[in-house]
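S.K.: My structure is in model13.txt, and what it holds is compact mmCIF, C-alpha atoms and all ligand atoms:
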```
# COMPACT_ATOMS: atom_id res chain seq x y z
CA MET A 184 -2.86 15.84 25.54
CA SER A 185 -1.63 14.14 22.39
CA GLU A 186 1.32 15.22 20.26
CA PRO A 187 0.57 17.62 17.40
CA VAL A 188 -0.17 16.27 13.94
CA GLU A 189 3.04 15.80 11.92
CA VAL A 190 2.61 16.61 8.21
CA THR A 191 5.12 15.47 5.56
CA GLU A 192 5.20 15.98 1.79
CA SER A 193 5.12 13.00 -0.57
CA ARG A 194 7.94 12.46 -3.04
CA ASP A 195 6.97 12.46 -6.71
CA THR A 196 8.20 9.39 -8.52
CA ASP A 197 7.49 7.45 -11.70
CA VAL A 198 6.20 3.88 -11.70
CA GLY A 199 5.61 2.30 -15.12
CA GLY A 200 5.36 5.71 -16.82
CA PHE A 201 2.83 6.75 -14.28
CA ARG A 202 3.00 9.61 -11.76
CA VAL A 203 3.06 8.36 -8.19
CA ARG A 204 3.19 10.30 -4.92
CA ARG A 205 5.14 8.27 -2.37
CA ALA A 206 3.81 9.23 1.05
CA LEU A 207 5.62 6.49 3.00
CA PRO A 208 8.39 5.79 3.87
CA ASN A 209 9.52 9.34 4.51
CA ARG A 210 12.20 11.07 6.56
CA PRO A 211 10.69 11.04 10.05
CA ARG A 212 8.53 7.94 9.47
CA ARG A 213 9.53 4.49 8.20
CA THR A 214 6.35 2.72 9.36
CA VAL A 215 2.86 3.49 10.65
CA GLY A 216 1.81 0.34 12.48
CA ALA A 217 2.90 -2.41 10.08
CA TRP A 218 2.26 -0.16 7.06
CA CYS A 219 5.64 0.54 5.45
CA PHE A 220 4.86 1.91 1.98
CA VAL A 221 2.15 4.15 0.49
CA ASP A 222 2.10 5.02 -3.21
CA HIS A 223 -0.76 7.27 -4.33
CA MET A 224 -1.09 6.56 -8.10
CA GLY A 225 -2.54 9.17 -10.44
CA PRO A 226 -5.09 10.33 -11.28
CA ALA A 227 -3.59 10.00 -14.76
CA ASP A 228 -4.73 8.60 -18.10
CA VAL A 229 -3.79 5.09 -19.17
CA ARG A 230 -3.96 3.75 -22.73
CA VAL A 231 -5.70 0.45 -23.49
CA ASP A 232 -2.35 -1.28 -24.08
CA GLN A 233 -0.11 0.71 -21.75
CA ASP A 234 2.81 -1.25 -20.30
CA LEU A 235 2.50 -0.69 -16.59
CA ILE A 236 4.62 -2.85 -14.26
CA GLY A 237 6.23 -6.07 -15.49
CA PRO A 238 6.96 -9.14 -13.34
CA HIS A 239 8.97 -8.32 -10.22
CA PRO A 240 9.49 -10.08 -6.88
CA HIS A 241 8.54 -9.37 -3.28
CA ILE A 242 9.45 -10.87 0.10
CA GLY A 243 8.23 -10.22 3.62
CA LEU A 244 5.29 -7.94 2.83
CA GLN A 245 1.66 -7.76 1.73
CA THR A 246 0.63 -5.55 -1.18
CA VAL A 247 -2.74 -3.84 -0.74
CA THR A 248 -4.20 -2.38 -3.93
CA TRP A 249 -7.27 -0.12 -3.88
CA LEU A 250 -8.61 1.91 -6.80
CA LEU A 251 -10.77 5.04 -6.89
CA ALA A 252 -11.00 5.03 -10.70
CA GLY A 253 -9.92 2.80 -13.57
CA GLU A 254 -8.99 -0.87 -13.86
CA LEU A 255 -5.82 -2.91 -13.47
CA LEU A 256 -5.01 -6.55 -14.20
CA HIS A 257 -3.05 -8.38 -11.50
CA ARG A 258 -1.10 -11.52 -12.42
CA ASP A 259 1.12 -13.43 -10.03
CA SER A 260 3.32 -16.50 -9.72
CA LEU A 261 0.57 -18.35 -7.81
CA GLY A 262 -1.42 -18.33 -11.08
CA SER A 263 -3.81 -15.56 -10.00
CA GLU A 264 -5.22 -13.43 -12.80
CA GLN A 265 -7.55 -10.78 -11.43
CA VAL A 266 -8.98 -7.54 -12.75
CA ILE A 267 -9.43 -5.01 -9.97
CA ARG A 268 -11.99 -2.19 -10.10
CA PRO A 269 -12.95 0.63 -7.73
CA GLY A 270 -14.44 -0.67 -4.48
CA GLN A 271 -12.46 -3.92 -4.64
CA LEU A 272 -9.34 -4.98 -2.77
CA ASN A 273 -6.37 -7.01 -3.96
CA LEU A 274 -4.23 -8.36 -1.13
CA MET A 275 -1.11 -10.34 -2.00
CA THR A 276 1.05 -11.89 0.71
CA ALA A 277 4.68 -12.41 -0.33
CA GLY A 278 6.04 -14.44 2.59
CA HIS A 279 9.27 -16.16 1.48
CA GLY A 280 8.74 -15.09 -2.13
CA VAL A 281 6.23 -14.20 -4.83
CA ALA A 282 6.30 -12.32 -8.12
CA HIS A 283 3.57 -10.30 -9.80
CA ALA A 284 2.81 -7.91 -12.64
CA GLU A 285 0.31 -5.07 -12.93
CA GLU A 286 -0.98 -4.65 -16.46
CA ALA A 287 -3.51 -2.63 -18.38
CA THR A 288 -6.63 -4.77 -18.92
CA GLY A 289 -6.58 -4.43 -22.72
CA ARG A 290 -10.09 -2.90 -22.58
CA PHE A 291 -9.98 -0.01 -20.17
CA HIS A 292 -8.57 3.39 -21.05
CA GLY A 293 -9.05 6.60 -19.17
CA SER A 294 -8.28 7.88 -15.71
CA LEU A 295 -6.52 5.56 -13.28
CA HIS A 296 -6.47 6.64 -9.64
CA GLY A 297 -5.66 4.55 -6.61
CA VAL A 298 -3.21 3.53 -3.99
CA GLN A 299 -0.84 0.66 -3.42
CA LEU A 300 0.37 0.04 0.09
CA TRP A 301 2.70 -2.47 1.65
CA VAL A 302 2.29 -4.07 5.05
CA ALA A 303 5.42 -5.50 6.70
CA GLN A 304 4.84 -9.10 7.72
CA PRO A 305 5.79 -10.09 11.26
CA SER A 306 8.43 -12.77 11.88
CA SER A 307 5.66 -15.33 12.49
CA THR A 308 4.58 -15.27 8.80
CA ARG A 309 7.27 -13.52 6.78
CA ASP A 310 9.06 -16.74 5.83
CA GLY A 311 5.76 -18.51 5.13
CA ASP A 312 3.82 -19.24 1.95
CA ALA A 313 2.70 -16.65 -0.56
CA ALA A 314 -1.05 -16.05 -0.96
CA PHE A 315 -3.50 -13.89 -2.90
CA GLU A 316 -6.97 -12.62 -1.97
CA HIS A 317 -9.44 -10.58 -3.99
CA HIS A 318 -12.35 -9.00 -2.14
CA ALA A 319 -15.04 -7.88 -4.58
CA GLU A 320 -17.04 -6.25 -1.79
CA LEU A 321 -16.01 -4.79 1.52
CA PRO A 322 -18.08 -3.75 4.54
CA GLN A 323 -19.04 -0.11 4.91
CA VAL A 324 -19.67 1.82 8.07
CA GLU A 325 -21.58 5.07 8.67
CA LEU A 326 -19.45 7.73 10.32
CA GLY A 327 -21.98 10.52 10.85
CA SER A 328 -22.85 11.69 7.31
CA SER A 329 -19.61 10.20 5.94
CA THR A 330 -18.97 6.61 4.85
CA GLY A 331 -15.99 4.41 5.68
CA THR A 332 -15.06 1.31 3.69
CA VAL A 333 -13.11 -1.13 5.82
CA LEU A 334 -10.21 -2.44 3.72
CA VAL A 335 -8.30 -4.12 6.54
CA GLY A 336 -8.98 -4.41 10.27
CA SER A 337 -11.94 -2.85 12.10
CA VAL A 338 -13.55 0.50 12.73
CA ALA A 339 -16.69 1.30 14.76
CA GLY A 340 -17.38 -2.42 15.27
CA THR A 341 -17.20 -3.34 11.56
CA SER A 342 -14.43 -5.66 10.35
CA SER A 343 -12.93 -6.44 6.96
CA PRO A 344 -12.65 -10.10 5.92
CA ALA A 345 -9.14 -9.44 4.54
CA ARG A 346 -6.20 -11.36 5.99
CA ARG A 347 -4.28 -9.53 8.69
CA ASP A 348 -1.04 -10.78 10.29
CA THR A 349 -0.67 -7.86 12.73
CA ASP A 350 -3.06 -5.51 14.52
CA HIS A 351 -3.54 -2.84 11.85
CA LEU A 352 -6.33 -1.11 9.94
CA GLY A 353 -6.97 0.64 6.62
CA ILE A 354 -10.18 2.64 6.04
CA ASP A 355 -11.23 4.48 2.88
CA LEU A 356 -13.14 7.62 3.90
CA ASP A 357 -15.79 9.21 1.70
CA LEU A 358 -16.16 12.46 3.63
CA ALA A 359 -19.29 14.61 3.59
CA PRO A 360 -18.98 18.37 4.20
CA GLY A 361 -18.69 19.14 7.90
CA THR A 362 -16.82 17.30 10.64
CA THR A 363 -16.43 13.53 10.84
CA ALA A 364 -15.21 12.02 14.11
CA ILE A 365 -13.52 8.61 14.01
CA GLU A 366 -12.78 6.59 17.14
CA LEU A 367 -9.16 5.48 17.40
CA GLU A 368 -7.39 2.85 19.49
CA PRO A 369 -5.18 5.00 21.78
CA SER A 370 -2.28 2.52 21.84
CA HIS A 371 -2.05 2.66 18.03
CA GLU A 372 -0.42 5.18 15.71
CA HIS A 373 -2.29 6.41 12.61
CA ALA A 374 -1.80 8.38 9.42
CA LEU A 375 -4.05 10.08 6.93
CA VAL A 376 -3.52 10.44 3.17
CA VAL A 377 -5.91 12.66 1.20
CA PHE A 378 -6.93 11.34 -2.23
CA GLU A 379 -9.23 14.20 -3.30
CA GLY A 380 -10.31 17.49 -1.76
CA ASP A 381 -9.10 19.37 1.30
CA VAL A 382 -9.30 17.98 4.81
CA THR A 383 -8.40 19.62 8.12
CA VAL A 384 -7.27 17.45 11.02
CA ASP A 385 -6.70 19.12 14.41
CA GLY A 386 -6.62 22.49 12.66
CA ARG A 387 -3.93 21.32 10.18
CA PRO A 388 -5.01 21.66 6.53
CA LEU A 389 -4.15 18.66 4.36
CA ALA A 390 -4.33 18.14 0.61
CA PRO A 391 -3.34 15.35 -1.80
CA GLY A 392 0.43 14.87 -1.51
CA HIS A 393 0.50 15.15 2.28
CA LEU A 394 0.78 12.44 4.89
CA ALA A 395 -0.48 13.42 8.35
CA TYR A 396 0.95 11.29 11.16
CA LEU A 397 -1.06 10.94 14.37
CA GLY A 398 0.97 9.42 17.18
CA PRO A 399 -0.31 7.11 19.92
CA GLY A 400 -2.41 8.56 22.71
CA ARG A 401 -5.45 9.65 20.70
CA ASP A 402 -8.90 8.15 21.18
CA GLU A 403 -10.42 10.08 18.27
CA CYS A 404 -9.59 12.12 15.20
CA ALA A 405 -11.88 14.80 13.80
CA LEU A 406 -11.71 15.50 10.07
CA THR A 407 -13.29 18.64 8.68
CA THR A 408 -14.08 19.35 5.04
CA SER A 409 -15.93 22.23 3.39
CA ALA A 410 -16.79 20.11 0.34
CA THR A 411 -16.74 16.35 -0.20
CA ALA A 412 -13.32 14.70 0.10
CA ARG A 413 -11.80 11.26 -0.13
CA ALA A 414 -9.02 10.07 2.18
CA LEU A 415 -7.35 6.97 3.55
CA LEU A 416 -6.82 6.30 7.24
CA ILE A 417 -4.16 3.73 8.13
CA GLY A 418 -2.93 2.71 11.54
CA GLY A 419 -1.93 -0.03 13.91
CA ALA A 420 0.14 -1.10 16.86
CA PRO A 421 3.66 0.36 16.40
CA PHE A 422 5.64 -2.33 14.55
CA ALA A 423 7.92 -3.94 17.11
CA GLU A 424 10.55 -5.27 14.67
CA GLN A 425 13.23 -3.21 12.92
CA VAL A 426 12.45 -3.35 9.19
CA LEU A 427 15.01 -3.11 6.39
CA MET A 428 13.56 -2.18 2.98
CA TRP A 429 15.38 -2.22 -0.33
CA TRP A 430 13.82 -2.32 -3.82
CA ASN A 431 10.80 -4.64 -3.53
CA PHE A 432 11.99 -6.45 -0.46
CA VAL A 433 11.09 -6.05 3.21
CA ALA A 434 13.44 -7.95 5.51
CA ARG A 435 15.55 -7.59 8.62
CA THR A 436 19.14 -7.96 7.35
CA ARG A 437 21.22 -7.00 4.31
CA ASP A 438 22.10 -10.67 3.78
CA GLU A 439 18.45 -11.63 3.40
CA ILE A 440 17.94 -8.89 0.85
CA SER A 441 21.12 -9.72 -1.06
CA ALA A 442 20.00 -13.37 -1.24
CA ALA A 443 16.52 -12.42 -2.48
CA ARG A 444 18.03 -10.15 -5.16
CA ASP A 445 20.40 -12.91 -6.32
CA ASP A 446 17.59 -15.48 -6.35
CA TRP A 447 15.41 -13.22 -8.50
CA MET A 448 18.20 -12.50 -10.97
CA ALA A 449 19.03 -16.25 -11.17
CA GLY A 450 15.36 -17.16 -11.83
CA HIS A 451 15.15 -19.14 -8.58
CA GLU A 452 11.94 -21.12 -8.02
CA ARG A 453 11.13 -19.27 -4.76
CA PHE A 454 9.63 -16.48 -6.88
CA GLY A 455 7.84 -18.75 -9.39
CA VAL A 456 6.88 -17.58 -12.85
CA VAL A 457 4.38 -14.87 -13.83
CA THR A 458 2.61 -15.35 -17.17
CA SER A 459 2.81 -11.84 -18.59
CA LYS A 460 3.46 -10.17 -21.92
CA LEU A 461 5.60 -7.64 -20.09
CA ASP A 462 9.34 -8.05 -19.47
CA ARG A 463 10.68 -9.12 -16.11
CA ILE A 464 12.13 -6.21 -14.16
CA ASP A 465 15.82 -6.63 -13.33
CA VAL A 466 17.72 -4.90 -10.57
CA GLY A 467 21.41 -4.20 -9.94
CA GLU A 468 23.42 -4.88 -6.81
CA PRO A 469 22.27 -3.40 -3.52
CA PRO A 470 24.41 -0.39 -2.49
CA TRP A 471 26.25 -2.28 0.27
CA ARG A 472 27.77 -4.63 -2.34
CA THR A 473 29.01 -1.99 -4.77
MN MN B 1 4.80 -5.08 -6.68
```
Let's see the structure in the file written out as structure tokens.
M.R.:
Amino acid sequence: MSEPVEVTESRDTDVGGFRVRRALPNRPRRTVGAWCFVDHMGPADVRVDQDLIGPHPHIGLQTVTWLLAGELLHRDSLGSEQVIRPGQLNLMTAGHGVAHAEEATGRFHGSLHGVQLWVAQPSSTRDGDAAFEHHAELPQVELGSSTGTVLVGSVAGTSSPARRDTDHLGIDLDLAPGTTAIELEPSHEHALVVFEGDVTVDGRPLAPGHLAYLGPGRDECALTTSATARALLIGGAPFAEQVLMWWNFVARTRDEISAARDDWMAGHERFGVVTSKLDRIDVGEPPWRT
């Protein structure tokens, strides 16, 4: 018998003038597999020229960006310049250091709705090179009358081509009315975030703004909807390393984070340069130095 589903509320926050529901990290949960951050963005209107998020640095993580509506322009210090649209995946690996900006495209205005997640990199790659991937198309899998899009990892024998440094998965679920059963790896932990509609898992009703945590020991989850719904399933092998997160950095020690912060503020070459019309985002001292 598996543990009951644990449901937590997201925290409302503001990113670039945009309403975001932060589902992870939260009080009982810091990570789900290697997933360490889940921001559900919008839906909210963007203007053609809206300033979204100016250049800022990352270390030790991958950013996974997935849209349900709207368009964003990604620019990074590797020279990548990539518009992302619904159904496409942007995956940026920070390693020892990268910087990026998320801008309005200068053409699109209207409703923006999506999610940005972070994946903690394991020690084997977290000091390595930065990288960027754009996947214009991703494999889909039939789950009864529902459809899964495999962002990262594998489900029901179908695998995403996206880079993966640990054993984790991310599946977008387009749920048809009724019950959809999804096979799970019992040694993994999982979580569900609802984008649109109402979904019941193990008798627990979920709506946008909730994160449902499903601990190890399950070989299946059954999702029930009375109308169509859209949700995200994430999961993976419990992350074996203790992660320390502050600002845009995922590391292991305060010293590593302090050094990354100082390097960013000093314009150190580890973060490169992002060509962007937006201003660089500065940050003050971490709390352990004040
Ligand atoms: Mn970022």
S.K.: Which protein, DNA or RNA residues have an atom within 7 Å of ligand MN 1 (chain B), counting all atoms listed in the file, as a short mmCIF file (atom, residue, chain, number, x, y, z; two decimals) with C-alpha atoms, in the coordinates of the input?
M.R.:
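So the final result, stored in result13.cif, reads:
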```
data_model
loop_
_atom_site.label_atom_id
_atom_site.label_comp_id
_atom_site.auth_asym_id
_atom_site.auth_seq_id
_atom_site.Cartn_x
_atom_site.Cartn_y
_atom_site.Cartn_z
CA HIS A 239 8.97 -8.32 -10.22
CA PRO A 240 9.49 -10.08 -6.88
CA HIS A 241 8.54 -9.37 -3.28
CA THR A 246 0.63 -5.55 -1.18
CA HIS A 283 3.57 -10.30 -9.80
CA ALA A 284 2.81 -7.91 -12.64
CA ASN A 431 10.80 -4.64 -3.53
#
```
S.K.: Find, counting all atoms listed in the file, the residue in A:Val281, A:Ile267, A:Leu244, A:Ala414 that gets nearest to Glu320 (chain A).
M.R.: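 Ranked by minimum distance to Glu320 (chain A), first place goes to A:Ile267.
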S.K.: Find the distance between CA of Val231 (chain A) and CA of Gly293 (chain A) and write it in Å to one decimal.
M.R.: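 One can read the CA of Val231 (chain A) to CA of Gly293 (chain A) distance as 8.2 Å.
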S.K.: For Glu379 (chain A), list every protein, DNA or RNA residue within 10 Å, evaluated using all atoms listed in the file, and leave out those in the same chain fewer than 3 positions away; present the list as a PyMOL selection string.
M.R.: chain A and resi 226+251+357-358+376+382+390-392+411-414
S.K.: For a quick check of understanding, using only C-alpha atoms, which of A:Ser329, A:Ser306, A:Thr363, A:Ser342 has the smallest distance to Ala423 (chain A)?
M.R.: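 Under the stated criterion, the closest residue is A:Ser306.
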S.K.: Can you measure CA of Gln271 (chain A) to CA of Ala319 (chain A) for me? One decimal in Å is fine.
M.R.: 4.7 Å
S.K.: Would you kindly identify which residues have an atom no farther than 12 Å from (-8.0, -12.5, -14.7), using all atoms listed in the file and the file's own coordinates, and write them out as an MDAnalysis selection string?
M.R.: chainID A and resid 254:259 262:268 284:289 317 458:459
S.K.: Which one is closest to Glu468 (chain A): A:Gly455, A:Asp197, A:Leu250, A:Trp447? Count all atoms listed in the file.
M.R.: A:Trp447
S.K.: Hey, can you pull every residue with an atom no more than 9 Å from (-6.3, 5.9, 18.9), using all atoms listed in the file, and send it as a list in words?
M.R.: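 Those residues lying close to the given coordinates are Glu366, Leu367, Glu368, Pro369, Ser370, His371, Glu372, His373, Leu397, Gly398, Pro399, Gly400, Arg401, Asp402, Glu403, Cys404, Gly418 and Gly419 of chain A.
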S.K.: Kindly compute an axis-aligned box around the listed atoms of region 243-253 of chain A, allowing 3 Å on each side, and express its centre and edge lengths in Å to one decimal as AutoDock Vina command-line options.
M.R.:
```
--center_x -1.4 --center_y -2.6 --center_z -5.0 --size_x 25.2 --size_y 21.3 --size_z 23.2
```
S.K.: Quick one: residues within 7 Å of Asn273 (chain A), all atoms listed in the file counted, chain neighbours fewer than 4 positions away excluded, as JSON, numbers by chain?
M.R.: {"A": [247, 248, 249, 316, 317, 318]}
S.K.: Please indicate the distance in Å from CA of Glu439 (chain A) to CA of Val466 (chain A), rounded to one decimal place.
M.R.: 15.5 Å
S.K.: So which residues touch Val377 (chain A) within 12 Å, counting all atoms listed in the file, skipping near sequence neighbours fewer than 3 positions away, as a PyMOL selection string?
M.R.: chain A and resi 190+192-193+204+206+221-223+297-298+354-358+374+380-384+388-395+406+408+411-417
S.K.: Would you mind telling me which residue in A:Leu326, A:Met224, A:Leu334, A:Val229 lies nearest to Arg347 (chain A) when using all atoms listed in the file?
M.R.: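 Among the listed residues, A:Leu334 lies closest to Arg347 (chain A).
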S.K.: So which one's closest to Leu427 (chain A), A:Ala359, A:Thr349, A:Ile365, A:Thr214? Using all atoms listed in the file, please.
M.R.: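 For Leu427 (chain A), the nearest of the candidates is A:Thr214.
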